[in-house]
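Working notes, beginning with the structure itself.
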Amino acid sequence: MGSEHDECCGGHDDDGCTNDCTVQEGLVLVQPDDGVAIVTLNRPDKLNALSADVLTELHMALAGIEADESVGALVITGNAATKRPAFAAGADIAEMVSLSALEMRQHSQLGQAVFSMLEQLSKPSIAAVNGFAFGGGMELTMACHLRFAAEGASFGQPEINLGIVPGFAGSQRLPRLVGQGRALEMLLSGDPINAAEAHRIGLVNRVLPDTELVKGATEFARKLAKKAPVARAAIIDLVVRGAGQTLERAMASEADTFGLVGGSEDVKEGMQAFLEKRPANWVGR
Ligand code: COA
């Protein structure tokens, strides 16, 4: 084996390693996997903390995924080579410590913009939470459409312990996901919860054994990636935009979208395939 394998796997040539040993650089890695993009936060020496550069690279990665027709879903996880398992241990505190009030506001707006872009992608996203998801890390999981957690994962909004408030929309997405009372308990105490509790309160969709997490999330993402693309994008749009609208307005949008999607080639194909008792061949228009 060459040096690339050595860097990836420590050179353990004869142990049946099946890793793709292509060395990648960058703070956010994107690995295509049969219709799914695996996005890895890659700052293991800082528990994958979300610096401005990480956020900027994530923005670029998301733009590429949205434009890539071969990708139908994405999984976001943290580089596992951390000293303790981490998805992301928050926004970068070392970076924030010297920011002025105006810069803090701009930092918040950057994170909010990137996470809103993620939430509004036309492709479903799953956060595969492999360890600490604290502060901005937990906020990132909440901007994903689904959350799968490793048994050893933990979630927390510890900003209050630093004297600050959540800045990447955690104060808004958390109560929408788990209700105001539970959200305030986490936000005001700063106390973390484990994966089982996160599942119990509806913060995460599934809890998987640590070693099965990324595989399980990827398999589920692949299933979502194979669904009708037009309807998939429309469902995300309806649910995400509808959350900020009155019921009346959101239902009007649903009826409009029902009509628009109803005119797509995919609808004709889906219904014809049902009648002919065969799988549908989606064309995505
Ligand atoms: N921002 C910047 N650096 C961070 C970080 C963050 N949010 N979280 C961890 N790191 C860095 C540490 O400074 C340390 O760097 P160093 O080795 O150069 O000193 C490295 O990551 C490892 O973290 P460490 O604290 O030594 O690990 P630990 O296992 O003892 O503790 C945590 C893990 C997650 C409990 C602890 O790192 C922590 O509390 N992090 C901050 C969580 C937080 O408040 N997030 C919200 C930010 S708004």
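Chain labels A, B, ... are given in the sequence in which chains occur in the structure tokens; within each chain residues are numbered consecutively from 1, and ligands are likewise numbered from 1 in the order shown.
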
Strand (DSSP E or B) positions in segment 4-233 of chain A, given as a PyMOL selection string: chain A and resi 28-33+36-41+50+73-78+86-88+91+125-129+132-134+146-150+154-156+193-194+206-208

Expected selection as a PyMOL selection string for ligand 1 within 7 Å, only C-alpha atoms and all ligand atoms: chain A and resi 45-47+49+83-84+89-94+132+134-136+157-159+162+166

Residue contacts of segment 186-188 of chain A (10 Å, only C-alpha atoms) excluding same-chain residues fewer than 4 positions away, as JSON, numbers by chain: {"A": [135, 155, 156, 157, 158, 159, 160, 161, 165, 166, 170, 171, 174, 175, 181, 182, 192, 193]}

Surrounding residues of segment 200-213 of chain A excluding itself and chain neighbours under 5 positions, 12 Å, only C-alpha atoms, as a ChimeraX atom specification: /A:75-78,80,85-87,126-131,133,138-139,141-156,173-183,186,193-195,218-220

Point-to-point distance in Å for atom CA of Leu62 of chain A and atom CA of Leu99 of chain A: 26.6 Å

d(atom CA of Ala63 of chain A, atom CA of Asn42 of chain A) in Å: 18.0 Å

Write out as a PDB file with C-alpha atoms, in the first residue's frame each polymer residue whose atoms come within 7 Å of Leu121 of chain A, counting only C-alpha atoms; drop sequence neighbours fewer than 3 positions from it.
```pdb
ATOM      1  CA  GLU A  66     -28.137  20.635  -4.134  1.00  0.00           C
ATOM      2  CA  MET A 117     -30.048  26.560   3.635  1.00  0.00           C
ATOM      3  CA  LEU A 118     -29.643  23.023   4.948  1.00  0.00           C
TER       4      LEU A 118
END
```

In segment 83-237 of chain A, DSSP helix (DSSP H, G or I) residues written as number ranges by chain: A: 93-96, 101-120, 136-143, 159-162, 170-178, 180-189, 195-200, 210-225, 229-237

Nearby residues (only C-alpha atoms) at most 8 Å from segment 102-116 of chain A, same-chain spacing under 4 positions excluded, as a VMD selection string: chain A and resid 52 55 to 56 58 to 59 96 120 140 143 167 to 169

Please produce an output containing C-alpha atoms for each residue in the selection, written as a CSV table (one decimal), in the first residue's frame.
```csv
chain,number,residue,atom,x,y,z
A,52,ALA,CA,-16.6,30.3,10.7
A,55,LEU,CA,-19.7,27.0,8.4
A,56,THR,CA,-18.4,28.5,5.1
A,58,LEU,CA,-20.5,23.5,4.9
A,59,HIS,CA,-22.3,26.2,2.9
A,96,MET,CA,-15.9,33.9,19.6
A,120,GLN,CA,-34.5,24.2,2.8
A,140,LEU,CA,-27.0,21.8,13.3
A,143,ALA,CA,-31.6,22.0,11.0
A,167,GLY,CA,-27.1,31.9,18.0
A,168,PHE,CA,-27.8,29.4,15.3
A,169,ALA,CA,-31.6,29.2,15.8
```

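Take atom CA of Glu69 of chain A and atom CA of Lys215 of chain A: the distance between them is 22.2 Å.
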